[in-house]
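**Student:** Input coords21.cif, format and content: mmCIF, N, CA and C atoms.
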data_final
#
loop_
_atom_site.label_atom_id
_atom_site.label_comp_id
_atom_site.auth_asym_id
_atom_site.auth_seq_id
_atom_site.Cartn_x
_atom_site.Cartn_y
_atom_site.Cartn_z
N MET A 192 53.43 108.43 -19.99
CA MET A 192 54.13 109.68 -20.20
C MET A 192 54.32 109.89 -21.69
N LYS A 193 53.92 111.03 -22.19
CA LYS A 193 54.05 111.34 -23.61
C LYS A 193 55.36 112.08 -23.84
N MET A 194 56.12 111.66 -24.87
CA MET A 194 57.41 112.26 -25.17
C MET A 194 57.24 113.19 -26.37
N SER A 195 57.81 114.40 -26.27
CA SER A 195 57.72 115.34 -27.38
C SER A 195 58.51 114.80 -28.57
N PRO A 196 58.12 115.17 -29.81
CA PRO A 196 58.85 114.70 -30.99
C PRO A 196 60.33 115.09 -30.93
N HIS A 197 60.63 116.29 -30.42
CA HIS A 197 62.02 116.74 -30.34
C HIS A 197 62.81 115.85 -29.37
N LEU A 198 62.25 115.59 -28.21
CA LEU A 198 62.92 114.75 -27.21
C LEU A 198 63.08 113.33 -27.73
N LEU A 199 62.08 112.82 -28.43
CA LEU A 199 62.17 111.49 -29.02
C LEU A 199 63.31 111.43 -30.03
N GLY A 200 63.44 112.46 -30.87
CA GLY A 200 64.51 112.51 -31.86
C GLY A 200 65.89 112.52 -31.21
N VAL A 201 66.04 113.30 -30.15
CA VAL A 201 67.32 113.36 -29.43
C VAL A 201 67.62 111.99 -28.82
N PHE A 202 66.61 111.38 -28.22
CA PHE A 202 66.78 110.06 -27.61
C PHE A 202 67.25 109.04 -28.66
N LEU A 203 66.61 109.03 -29.82
CA LEU A 203 66.99 108.08 -30.87
C LEU A 203 68.41 108.32 -31.36
N LEU A 204 68.81 109.58 -31.52
CA LEU A 204 70.18 109.88 -31.95
C LEU A 204 71.20 109.40 -30.93
N VAL A 205 70.90 109.60 -29.65
CA VAL A 205 71.81 109.14 -28.60
C VAL A 205 71.92 107.62 -28.63
N MET A 206 70.80 106.93 -28.80
CA MET A 206 70.82 105.47 -28.83
C MET A 206 71.61 104.95 -30.03
N ILE A 207 71.45 105.59 -31.18
CA ILE A 207 72.19 105.16 -32.37
C ILE A 207 73.67 105.42 -32.19
N ALA A 208 74.03 106.59 -31.67
CA ALA A 208 75.44 106.92 -31.46
C ALA A 208 76.07 105.97 -30.44
N ALA A 209 75.33 105.61 -29.42
CA ALA A 209 75.86 104.72 -28.38
C ALA A 209 76.09 103.31 -28.90
N SER A 210 75.36 102.93 -29.93
CA SER A 210 75.49 101.56 -30.42
C SER A 210 76.71 101.38 -31.32
N GLY A 211 77.38 102.46 -31.71
CA GLY A 211 78.55 102.35 -32.58
C GLY A 211 78.12 102.12 -34.01
N CYS A 212 79.09 101.87 -34.89
CA CYS A 212 78.72 101.60 -36.27
C CYS A 212 79.38 100.32 -36.73
N ASN A 213 78.97 99.88 -37.88
CA ASN A 213 79.48 98.66 -38.51
C ASN A 213 79.26 97.42 -37.66
N THR A 214 78.11 97.32 -37.05
CA THR A 214 77.83 96.10 -36.30
C THR A 214 77.18 95.07 -37.18
N GLY A 215 76.48 95.51 -38.20
CA GLY A 215 75.78 94.57 -39.05
C GLY A 215 74.59 93.99 -38.34
N SER A 216 73.74 93.32 -39.07
CA SER A 216 72.59 92.68 -38.46
C SER A 216 72.09 91.56 -39.34
N ALA A 217 71.75 90.46 -38.73
CA ALA A 217 71.14 89.37 -39.48
C ALA A 217 69.70 89.75 -39.74
N VAL A 218 69.21 89.45 -40.92
CA VAL A 218 67.87 89.84 -41.32
C VAL A 218 67.10 88.61 -41.75
N VAL A 219 65.92 88.44 -41.22
CA VAL A 219 65.12 87.28 -41.56
C VAL A 219 64.14 87.59 -42.67
N THR A 220 63.68 88.82 -42.78
CA THR A 220 62.73 89.18 -43.82
C THR A 220 63.43 89.91 -44.95
N THR A 221 62.71 90.11 -46.06
CA THR A 221 63.29 90.83 -47.18
C THR A 221 62.83 92.28 -47.21
N THR A 222 62.11 92.73 -46.20
CA THR A 222 61.66 94.11 -46.13
C THR A 222 62.84 95.02 -45.89
N VAL A 223 62.99 96.05 -46.72
CA VAL A 223 64.08 96.99 -46.58
C VAL A 223 63.62 98.12 -45.68
N PRO A 224 64.35 98.41 -44.58
CA PRO A 224 63.95 99.50 -43.71
C PRO A 224 64.15 100.84 -44.40
N THR A 225 63.43 101.86 -43.91
CA THR A 225 63.58 103.18 -44.51
C THR A 225 64.93 103.79 -44.19
N ALA A 226 65.53 103.43 -43.08
CA ALA A 226 66.86 103.91 -42.73
C ALA A 226 67.61 102.76 -42.06
N PRO A 227 68.90 102.60 -42.39
CA PRO A 227 69.64 101.51 -41.77
C PRO A 227 69.79 101.71 -40.27
N THR A 228 69.93 100.63 -39.56
CA THR A 228 70.12 100.69 -38.13
C THR A 228 71.41 99.99 -37.77
N THR A 229 72.01 100.38 -36.67
CA THR A 229 73.25 99.74 -36.27
C THR A 229 73.04 98.84 -35.06
N VAL A 230 71.80 98.60 -34.69
CA VAL A 230 71.51 97.75 -33.54
C VAL A 230 71.66 96.29 -33.93
N THR A 231 72.36 95.53 -33.12
CA THR A 231 72.54 94.10 -33.38
C THR A 231 71.89 93.33 -32.25
N THR A 232 71.24 92.24 -32.60
CA THR A 232 70.66 91.38 -31.58
C THR A 232 71.45 90.10 -31.51
N ALA A 233 71.34 89.39 -30.39
CA ALA A 233 72.07 88.13 -30.23
C ALA A 233 71.44 87.06 -31.09
N HIS A 234 72.26 86.23 -31.67
CA HIS A 234 71.79 85.13 -32.50
C HIS A 234 72.41 83.85 -31.96
N THR A 235 71.59 82.89 -31.62
CA THR A 235 72.12 81.65 -31.08
C THR A 235 72.42 80.65 -32.19
N THR A 236 71.70 80.75 -33.31
CA THR A 236 71.97 79.89 -34.45
C THR A 236 71.76 80.69 -35.72
N LEU A 237 72.41 80.27 -36.76
CA LEU A 237 72.23 80.91 -38.06
C LEU A 237 71.96 79.84 -39.10
N ALA A 238 70.97 80.08 -39.92
CA ALA A 238 70.70 79.17 -41.02
C ALA A 238 71.75 79.39 -42.10
N VAL A 239 72.01 78.38 -42.90
CA VAL A 239 72.95 78.52 -44.00
C VAL A 239 72.46 79.61 -44.93
N GLY A 240 73.33 80.55 -45.22
CA GLY A 240 72.98 81.62 -46.15
C GLY A 240 71.99 82.62 -45.61
N GLU A 241 71.86 82.77 -44.30
CA GLU A 241 70.91 83.73 -43.73
C GLU A 241 71.22 85.14 -44.24
N PRO A 242 70.21 85.88 -44.71
CA PRO A 242 70.46 87.25 -45.19
C PRO A 242 71.11 88.09 -44.10
N TYR A 243 72.03 88.98 -44.54
CA TYR A 243 72.77 89.79 -43.58
C TYR A 243 73.06 91.15 -44.20
N ARG A 244 72.92 92.18 -43.40
CA ARG A 244 73.25 93.55 -43.82
C ARG A 244 74.50 93.99 -43.07
N PHE A 245 75.54 94.27 -43.81
CA PHE A 245 76.84 94.65 -43.23
C PHE A 245 76.98 96.16 -43.37
N PHE A 246 76.95 96.87 -42.25
CA PHE A 246 77.10 98.33 -42.24
C PHE A 246 78.59 98.63 -42.26
N ILE A 247 79.09 99.27 -43.33
CA ILE A 247 80.53 99.37 -43.52
C ILE A 247 81.08 100.79 -43.45
N HIS A 248 80.40 101.69 -42.81
CA HIS A 248 80.89 103.07 -42.70
C HIS A 248 82.36 103.10 -42.25
N CYS A 249 82.71 102.28 -41.29
CA CYS A 249 84.07 102.28 -40.73
C CYS A 249 84.89 101.06 -41.14
N GLY A 250 84.44 100.34 -42.13
CA GLY A 250 85.20 99.19 -42.60
C GLY A 250 84.49 97.87 -42.37
N MET A 251 85.19 96.79 -42.70
CA MET A 251 84.60 95.45 -42.63
C MET A 251 85.47 94.50 -41.81
N ARG A 252 86.14 95.00 -40.80
CA ARG A 252 87.03 94.15 -40.00
C ARG A 252 86.27 93.29 -38.99
N TYR A 253 85.19 93.84 -38.41
CA TYR A 253 84.48 93.15 -37.33
C TYR A 253 83.02 92.89 -37.67
N ILE A 254 82.50 91.80 -37.11
CA ILE A 254 81.06 91.52 -37.09
C ILE A 254 80.74 91.24 -35.63
N ARG A 255 79.75 91.95 -35.12
CA ARG A 255 79.44 91.83 -33.70
C ARG A 255 78.26 90.89 -33.43
N ASN A 256 78.37 90.18 -32.33
CA ASN A 256 77.27 89.48 -31.68
C ASN A 256 76.52 88.50 -32.58
N ILE A 257 77.23 87.64 -33.23
CA ILE A 257 76.61 86.55 -33.99
C ILE A 257 76.92 85.25 -33.25
N ASP A 258 75.91 84.49 -32.95
CA ASP A 258 76.05 83.25 -32.20
C ASP A 258 76.69 83.52 -30.83
N GLY A 259 76.38 84.72 -30.28
CA GLY A 259 76.88 85.10 -28.97
C GLY A 259 78.34 85.53 -28.95
N ARG A 260 78.94 85.68 -30.12
CA ARG A 260 80.37 86.03 -30.19
C ARG A 260 80.61 87.19 -31.14
N ASN A 261 81.75 87.85 -30.95
CA ASN A 261 82.22 88.85 -31.90
C ASN A 261 83.23 88.17 -32.82
N TRP A 262 83.31 88.67 -34.06
CA TRP A 262 84.13 88.04 -35.09
C TRP A 262 85.04 89.08 -35.72
N GLU A 263 86.23 88.63 -36.16
CA GLU A 263 87.21 89.53 -36.78
C GLU A 263 87.83 88.82 -37.98
N THR A 264 88.07 89.60 -39.05
CA THR A 264 88.72 89.05 -40.23
C THR A 264 90.16 89.55 -40.29
N ASP A 265 91.02 88.76 -40.90
CA ASP A 265 92.41 89.17 -41.12
C ASP A 265 92.55 89.91 -42.44
N GLU A 266 91.59 89.72 -43.35
CA GLU A 266 91.67 90.30 -44.69
C GLU A 266 90.41 91.09 -45.00
N SER A 267 90.32 92.30 -44.48
CA SER A 267 89.15 93.13 -44.72
C SER A 267 89.19 93.71 -46.13
N PRO A 268 88.11 93.57 -46.90
CA PRO A 268 88.08 94.12 -48.24
C PRO A 268 87.93 95.65 -48.26
N TYR A 269 87.58 96.23 -47.09
CA TYR A 269 87.47 97.69 -46.99
C TYR A 269 87.79 98.08 -45.56
N ASP A 270 88.73 99.03 -45.41
CA ASP A 270 89.18 99.42 -44.07
C ASP A 270 88.55 100.72 -43.57
N GLY A 271 87.58 101.25 -44.29
CA GLY A 271 86.91 102.47 -43.86
C GLY A 271 87.56 103.74 -44.38
N VAL A 272 88.60 103.62 -45.20
CA VAL A 272 89.32 104.78 -45.73
C VAL A 272 89.32 104.71 -47.25
N GLY A 273 89.06 105.85 -47.88
CA GLY A 273 89.14 105.91 -49.33
C GLY A 273 87.89 105.42 -50.03
N PRO A 274 87.96 105.34 -51.35
CA PRO A 274 86.79 104.92 -52.13
C PRO A 274 86.47 103.44 -51.91
N PHE A 275 85.21 103.11 -52.09
CA PHE A 275 84.76 101.73 -51.95
C PHE A 275 85.19 100.94 -53.19
N PRO A 276 85.72 99.74 -53.01
CA PRO A 276 86.07 98.90 -54.16
C PRO A 276 84.83 98.59 -55.00
N ASP A 277 85.00 98.53 -56.32
CA ASP A 277 83.87 98.24 -57.21
C ASP A 277 83.21 96.92 -56.87
N GLU A 278 84.01 95.91 -56.52
CA GLU A 278 83.46 94.60 -56.19
C GLU A 278 82.52 94.70 -54.99
N LEU A 279 82.81 95.60 -54.08
CA LEU A 279 81.98 95.81 -52.89
C LEU A 279 80.74 96.64 -53.25
N ARG A 280 80.93 97.68 -54.05
CA ARG A 280 79.82 98.57 -54.43
C ARG A 280 78.69 97.80 -55.12
N GLN A 281 79.02 96.72 -55.83
CA GLN A 281 78.01 95.92 -56.51
C GLN A 281 76.99 95.32 -55.53
N ALA A 282 77.38 95.18 -54.28
CA ALA A 282 76.51 94.55 -53.28
C ALA A 282 75.81 95.57 -52.39
N PHE A 283 76.02 96.87 -52.64
CA PHE A 283 75.39 97.90 -51.80
C PHE A 283 73.87 97.85 -51.91
N LEU A 284 73.19 98.08 -50.78
CA LEU A 284 71.75 98.24 -50.78
C LEU A 284 71.37 99.40 -51.69
N ASP A 285 72.11 100.51 -51.58
CA ASP A 285 71.94 101.68 -52.44
C ASP A 285 73.27 101.93 -53.14
N PRO A 286 73.38 101.60 -54.44
CA PRO A 286 74.66 101.73 -55.15
C PRO A 286 75.20 103.16 -55.20
N ASN A 287 74.35 104.14 -54.93
CA ASN A 287 74.79 105.54 -54.97
C ASN A 287 75.22 106.07 -53.61
N GLU A 288 75.12 105.26 -52.57
CA GLU A 288 75.50 105.69 -51.23
C GLU A 288 76.99 105.99 -51.20
N ALA A 289 77.35 107.13 -50.62
CA ALA A 289 78.75 107.55 -50.61
C ALA A 289 79.36 107.61 -49.22
N VAL A 290 78.56 107.53 -48.16
CA VAL A 290 79.08 107.73 -46.81
C VAL A 290 78.94 106.50 -45.93
N SER A 291 77.73 105.99 -45.77
CA SER A 291 77.47 104.86 -44.86
C SER A 291 76.70 103.76 -45.57
N PRO A 292 77.34 103.06 -46.49
CA PRO A 292 76.61 102.04 -47.24
C PRO A 292 76.34 100.78 -46.43
N VAL A 293 75.36 100.06 -46.89
CA VAL A 293 75.01 98.75 -46.35
C VAL A 293 75.30 97.75 -47.46
N VAL A 294 76.11 96.74 -47.15
CA VAL A 294 76.41 95.68 -48.11
C VAL A 294 75.47 94.53 -47.81
N LEU A 295 74.72 94.11 -48.84
CA LEU A 295 73.81 92.98 -48.68
C LEU A 295 74.51 91.69 -49.02
N GLY A 296 74.20 90.67 -48.27
CA GLY A 296 74.80 89.37 -48.53
C GLY A 296 74.20 88.32 -47.64
N SER A 297 74.95 87.26 -47.45
CA SER A 297 74.51 86.19 -46.56
C SER A 297 75.64 85.85 -45.61
N ILE A 298 75.26 85.27 -44.50
CA ILE A 298 76.23 84.94 -43.47
C ILE A 298 76.01 83.48 -43.06
N GLU A 299 77.11 82.82 -42.76
CA GLU A 299 77.02 81.41 -42.42
C GLU A 299 78.17 81.05 -41.48
N ILE A 300 77.88 80.29 -40.45
CA ILE A 300 78.93 79.74 -39.60
C ILE A 300 79.24 78.38 -40.20
N THR A 301 80.44 78.27 -40.78
CA THR A 301 80.80 77.06 -41.51
C THR A 301 81.58 76.06 -40.66
N ALA A 302 82.11 76.51 -39.54
CA ALA A 302 82.82 75.65 -38.58
C ALA A 302 82.71 76.33 -37.22
N ALA A 303 83.09 75.64 -36.18
CA ALA A 303 82.96 76.19 -34.82
C ALA A 303 83.67 77.54 -34.68
N ASP A 304 84.71 77.77 -35.47
CA ASP A 304 85.46 79.01 -35.35
C ASP A 304 85.56 79.79 -36.66
N THR A 305 84.60 79.57 -37.56
CA THR A 305 84.65 80.24 -38.86
C THR A 305 83.27 80.76 -39.26
N LEU A 306 83.20 82.05 -39.55
CA LEU A 306 81.99 82.71 -40.03
C LEU A 306 82.32 83.27 -41.41
N VAL A 307 81.43 83.05 -42.37
CA VAL A 307 81.66 83.52 -43.74
C VAL A 307 80.54 84.47 -44.15
N PHE A 308 80.93 85.66 -44.62
CA PHE A 308 79.98 86.62 -45.20
C PHE A 308 80.22 86.59 -46.70
N ARG A 309 79.14 86.41 -47.47
CA ARG A 309 79.21 86.42 -48.94
C ARG A 309 78.36 87.57 -49.44
N ALA A 310 78.98 88.51 -50.14
CA ALA A 310 78.26 89.67 -50.68
C ALA A 310 77.42 89.24 -51.88
N ARG A 311 76.22 89.81 -51.97
CA ARG A 311 75.37 89.50 -53.12
C ARG A 311 75.93 90.20 -54.36
N ASN A 312 75.60 89.70 -55.53
CA ASN A 312 75.99 90.30 -56.81
C ASN A 312 77.49 90.47 -56.95
N SER A 313 78.27 89.69 -56.22
CA SER A 313 79.71 89.88 -56.22
C SER A 313 80.36 88.57 -55.79
N GLY A 314 81.61 88.39 -56.13
CA GLY A 314 82.35 87.22 -55.67
C GLY A 314 83.02 87.47 -54.33
N LEU A 315 82.73 88.60 -53.70
CA LEU A 315 83.38 88.99 -52.45
C LEU A 315 82.97 88.09 -51.30
N THR A 316 83.95 87.54 -50.60
CA THR A 316 83.74 86.71 -49.42
C THR A 316 84.65 87.22 -48.31
N VAL A 317 84.10 87.32 -47.10
CA VAL A 317 84.88 87.74 -45.94
C VAL A 317 84.81 86.61 -44.92
N VAL A 318 85.97 86.07 -44.55
CA VAL A 318 86.05 84.99 -43.57
C VAL A 318 86.50 85.59 -42.24
N SER A 319 85.76 85.29 -41.17
CA SER A 319 86.07 85.83 -39.85
C SER A 319 86.16 84.70 -38.84
N HIS A 320 86.84 85.02 -37.73
CA HIS A 320 87.01 84.07 -36.64
C HIS A 320 86.66 84.76 -35.33
N PRO A 321 86.26 84.02 -34.30
CA PRO A 321 85.90 84.64 -33.02
C PRO A 321 87.06 85.48 -32.48
N THR A 322 86.71 86.58 -31.84
CA THR A 322 87.71 87.45 -31.25
C THR A 322 87.28 87.89 -29.85
N GLY A 323 88.25 88.05 -29.01
CA GLY A 323 88.01 88.61 -27.68
C GLY A 323 88.50 90.05 -27.62
N ALA A 324 88.90 90.58 -28.78
CA ALA A 324 89.43 91.94 -28.86
C ALA A 324 88.37 92.96 -28.44
N ASN A 325 88.82 94.05 -27.88
CA ASN A 325 87.94 95.17 -27.57
C ASN A 325 87.64 95.90 -28.88
N ILE A 326 86.42 95.77 -29.36
CA ILE A 326 86.07 96.35 -30.66
C ILE A 326 85.75 97.82 -30.48
N PRO A 327 86.42 98.70 -31.23
CA PRO A 327 86.15 100.14 -31.13
C PRO A 327 84.71 100.47 -31.51
N GLY A 328 84.21 101.61 -31.04
CA GLY A 328 82.84 102.02 -31.31
C GLY A 328 82.54 102.11 -32.79
N CYS A 329 83.47 102.57 -33.58
CA CYS A 329 83.27 102.64 -35.02
C CYS A 329 84.36 101.78 -35.64
N ALA A 330 84.00 100.53 -35.87
CA ALA A 330 85.02 99.60 -36.39
C ALA A 330 84.44 98.65 -37.41
#
Give the structure from the file, written as C-alpha coordinates.
**Tutor:**
Amino acid sequence: MKMSPHLLGVFLLVMIAASGCNTGSAVVTTTVPTAPTTVTTAHTTLAVGEPYRFFIHCGMRYIRNIDGRNWETDESPYDGVGPFPDELRQAFLDPNEAVSPVVLGSIEITAADTLVFRARNSGLTVVSHPTGANIPGCA
(Lines of atoms letter the chains of each structure in order from A and count residues from 1; the text may use other names and numbers.)
(Lines give C-alpha, C1' and ligand atoms only; values in the text may rest on other atoms or scores of the structure.)
Protein backbone atom coordinates (compact mmCIF):
# COMPACT_ATOMS: atom_id res chain seq x y z
CA MET A 1 0.00 0.00 0.00
CA LYS A 2 1.44 3.36 -1.02
CA MET A 3 0.96 6.27 1.40
CA SER A 4 0.54 9.82 0.09
CA PRO A 5 3.19 12.34 1.22
CA HIS A 6 0.48 14.34 3.04
CA LEU A 7 -0.80 11.28 4.93
CA LEU A 8 2.77 10.25 5.75
CA GLY A 9 3.46 13.73 7.18
CA VAL A 10 0.33 13.61 9.35
CA PHE A 11 1.24 10.12 10.55
CA LEU A 12 4.76 11.24 11.53
CA LEU A 13 3.44 14.29 13.40
CA VAL A 14 1.00 12.13 15.34
CA MET A 15 3.76 9.65 16.24
CA ILE A 16 6.08 12.44 17.41
CA ALA A 17 3.34 14.11 19.46
CA ALA A 18 2.37 10.78 21.03
CA SER A 19 5.92 10.11 22.13
CA GLY A 20 6.05 13.23 24.33
CA CYS A 21 9.12 15.40 24.67
CA ASN A 22 12.34 15.43 26.63
CA THR A 23 12.85 11.71 26.52
CA GLY A 24 16.41 11.90 25.34
CA SER A 25 18.14 9.13 23.48
CA ALA A 26 21.37 7.26 23.75
CA VAL A 27 23.41 7.60 20.57
CA VAL A 28 26.02 5.15 19.39
CA THR A 29 27.18 7.00 16.27
CA THR A 30 28.39 10.55 15.81
CA THR A 31 26.09 11.23 12.86
CA VAL A 32 23.87 14.23 13.57
CA PRO A 33 20.28 13.72 12.38
CA THR A 34 18.67 16.41 10.26
CA ALA A 35 15.93 16.85 12.87
CA PRO A 36 15.90 15.76 16.50
CA THR A 37 13.65 12.90 17.48
CA THR A 38 11.95 12.20 20.77
CA VAL A 39 11.76 8.44 20.33
CA THR A 40 13.61 6.47 22.99
CA THR A 41 14.59 2.84 22.73
CA ALA A 42 15.22 0.43 25.60
CA HIS A 43 18.81 0.05 26.69
CA THR A 44 19.87 -2.95 28.72
CA THR A 45 23.43 -1.75 29.28
CA LEU A 46 25.31 1.48 28.84
CA ALA A 47 29.00 1.89 28.19
CA VAL A 48 30.86 4.40 30.34
CA GLY A 49 30.46 7.80 28.78
CA GLU A 50 28.03 6.65 26.06
CA PRO A 51 27.02 9.66 23.91
CA TYR A 52 23.57 10.98 24.78
CA ARG A 53 21.24 13.63 23.38
CA PHE A 54 19.05 15.25 26.03
CA PHE A 55 15.95 16.92 24.54
CA ILE A 56 15.18 19.74 26.98
CA HIS A 57 12.17 21.57 25.55
CA CYS A 58 10.27 20.92 28.81
CA GLY A 59 13.21 20.74 31.20
CA MET A 60 15.75 18.23 32.47
CA ARG A 61 13.93 16.52 35.34
CA TYR A 62 13.41 13.09 33.71
CA ILE A 63 15.30 10.64 31.52
CA ARG A 64 13.16 7.87 30.11
CA ASN A 65 13.84 4.22 29.43
CA ILE A 66 17.53 3.77 30.16
CA ASP A 67 18.47 0.29 31.34
CA GLY A 68 14.75 -0.50 31.32
CA ARG A 69 13.98 2.22 33.88
CA ASN A 70 12.88 5.84 34.07
CA TRP A 71 15.10 8.27 35.97
CA GLU A 72 14.45 11.51 37.87
CA THR A 73 16.76 14.18 39.26
CA ASP A 74 16.21 16.25 42.40
CA GLU A 75 18.29 19.14 41.04
CA SER A 76 17.31 19.96 37.47
CA PRO A 77 19.55 22.62 35.89
CA TYR A 78 16.61 23.71 33.69
CA ASP A 79 12.91 23.39 34.50
CA GLY A 80 11.54 24.27 31.06
CA VAL A 81 10.72 27.89 31.97
CA GLY A 82 12.65 31.02 31.10
CA PRO A 83 16.00 31.46 29.38
CA PHE A 84 18.48 28.62 29.15
CA PRO A 85 21.43 28.90 31.55
CA ASP A 86 24.71 29.79 29.80
CA GLU A 87 26.37 26.68 31.24
CA LEU A 88 23.70 24.59 29.51
CA ARG A 89 23.74 26.55 26.23
CA GLN A 90 27.44 25.67 25.81
CA ALA A 91 26.43 22.03 25.31
CA PHE A 92 23.62 22.65 22.79
CA LEU A 93 23.78 20.78 19.49
CA ASP A 94 22.76 24.12 17.92
CA PRO A 95 23.85 27.05 20.15
CA ASN A 96 21.30 29.32 18.45
CA GLU A 97 18.30 27.08 19.17
CA ALA A 98 15.71 29.02 21.15
CA VAL A 99 12.76 26.62 21.54
CA SER A 100 13.64 22.90 21.59
CA PRO A 101 17.37 22.49 22.09
CA VAL A 102 19.28 19.24 22.31
CA VAL A 103 22.04 19.10 24.92
CA LEU A 104 24.92 16.86 23.92
CA GLY A 105 26.78 14.91 26.53
CA SER A 106 27.43 11.48 27.90
CA ILE A 107 25.47 9.20 30.15
CA GLU A 108 26.68 6.60 32.59
CA ILE A 109 25.12 4.34 35.19
CA THR A 110 27.59 4.72 38.03
CA ALA A 111 25.75 2.58 40.62
CA ALA A 112 22.67 0.36 40.66
CA ASP A 113 20.53 3.39 41.46
CA THR A 114 22.53 6.28 39.99
CA LEU A 115 22.64 7.61 36.43
CA VAL A 116 24.89 10.56 35.57
CA PHE A 117 24.52 12.85 32.55
CA ARG A 118 27.56 15.03 31.79
CA ALA A 119 27.08 17.87 29.31
CA ARG A 120 29.82 18.38 26.75
CA ASN A 121 31.78 21.67 26.74
CA SER A 122 30.49 22.39 30.22
CA GLY A 123 30.95 21.37 33.83
CA LEU A 124 27.22 20.61 34.04
CA THR A 125 26.35 17.24 35.59
CA VAL A 126 22.86 15.89 36.27
CA VAL A 127 22.52 12.99 38.72
CA SER A 128 19.31 10.93 38.51
CA HIS A 129 17.82 7.98 40.33
CA PRO A 130 15.20 5.41 39.26
CA THR A 131 11.62 6.59 39.57
CA GLY A 132 8.24 4.94 39.44
CA ALA A 133 6.57 8.34 39.03
CA ASN A 134 4.08 8.86 36.24
CA ILE A 135 6.14 11.04 33.89
CA PRO A 136 4.08 13.72 32.11
CA GLY A 137 4.04 13.76 28.30
CA CYS A 138 6.19 16.88 28.20
CA ALA A 139 8.55 16.61 31.14
**Student:** Around stretch 309-324 of chain A, with edges along x, y and z and 6 Å added on all six sides, what centre and edge lengths do you get, in Å to one decimal, as AutoDock Vina command-line options?
**Tutor:**
--center_x 82.4 --center_y 88.5 --center_z -42.3 --size_x 26.1 --size_y 20.9 --size_z 41.3
**Student:** Counting all atoms listed in the file, which residue out of A:Phe246, A:Gln281, A:Glu288, A:Ile326 sits closest to A:Arg311?
**Tutor:**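 Closest residue, counting all atoms listed in the file: A:Gln281.
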**Student:** To one decimal place in Å, what is the distance between atom CA of A:Ser291 and atom N of A:Arg255?
**Tutor:** 16.3 Å
**Student:** Could you tell me how far atom CA of A:Gly250 lies from atom CA of A:Thr301, in Å and to one decimal?
**Tutor:**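 So the two atoms, atom CA of A:Gly250 and atom CA of A:Thr301, lie 22.6 Å apart.
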**Student:** Report the residues retrieved by the PyMOL selection byres (((chain A and resi 260 and name CA) around 10) and name CA) from the displayed file, expressed as a list in words.
**Tutor:**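 On the file shown, the PyMOL selection byres (((chain A and resi 260 and name CA) around 10) and name CA) covers Ala233, His234, Thr235, Ile254, Arg255, Asn256, Ile257, Asp258, Gly259, Asn261, Trp262, His320, Pro321, Thr322 and Gly323 of chain A.
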**Student:** Mind giving me the straight-line distance from atom C of A:Asp304 to atom N of A:Pro276 in Å, one decimal?
**Tutor:**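 The value is 25.8 Å.
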**Student:** Between A:Glu241, A:Gly314, A:Pro268, A:Ala302, which residue has the minimum interatomic distance to A:Tyr253, considering only C-alpha atoms?
**Tutor:**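 For A:Tyr253, the nearest of the candidates is A:Pro268.
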**Student:** Between A:Ile300, A:Leu284, A:Gly328, A:Arg252, which one has atoms that come closest to A:Asp265, using all atoms listed in the file?
**Tutor:**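 Closest to A:Asp265, using all atoms listed in the file: A:Arg252.
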**Student:** So which residues of stretch 239-306 of chain A fall under strand (DSSP E or B) by DSSP, listed as a PyMOL selection string?
**Tutor:** chain A and resi 241-246+253-257+260-264+283+293-302+305-306
**Student:** Compare A:Pro286, A:Pro292, A:Glu299, A:Leu279 by their minimum atom-to-atom distance to A:Asn312, counting all atoms listed in the file, and give me the closest one.
**Tutor:**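 Answer, going by the shortest atom-to-atom distance: A:Leu279.
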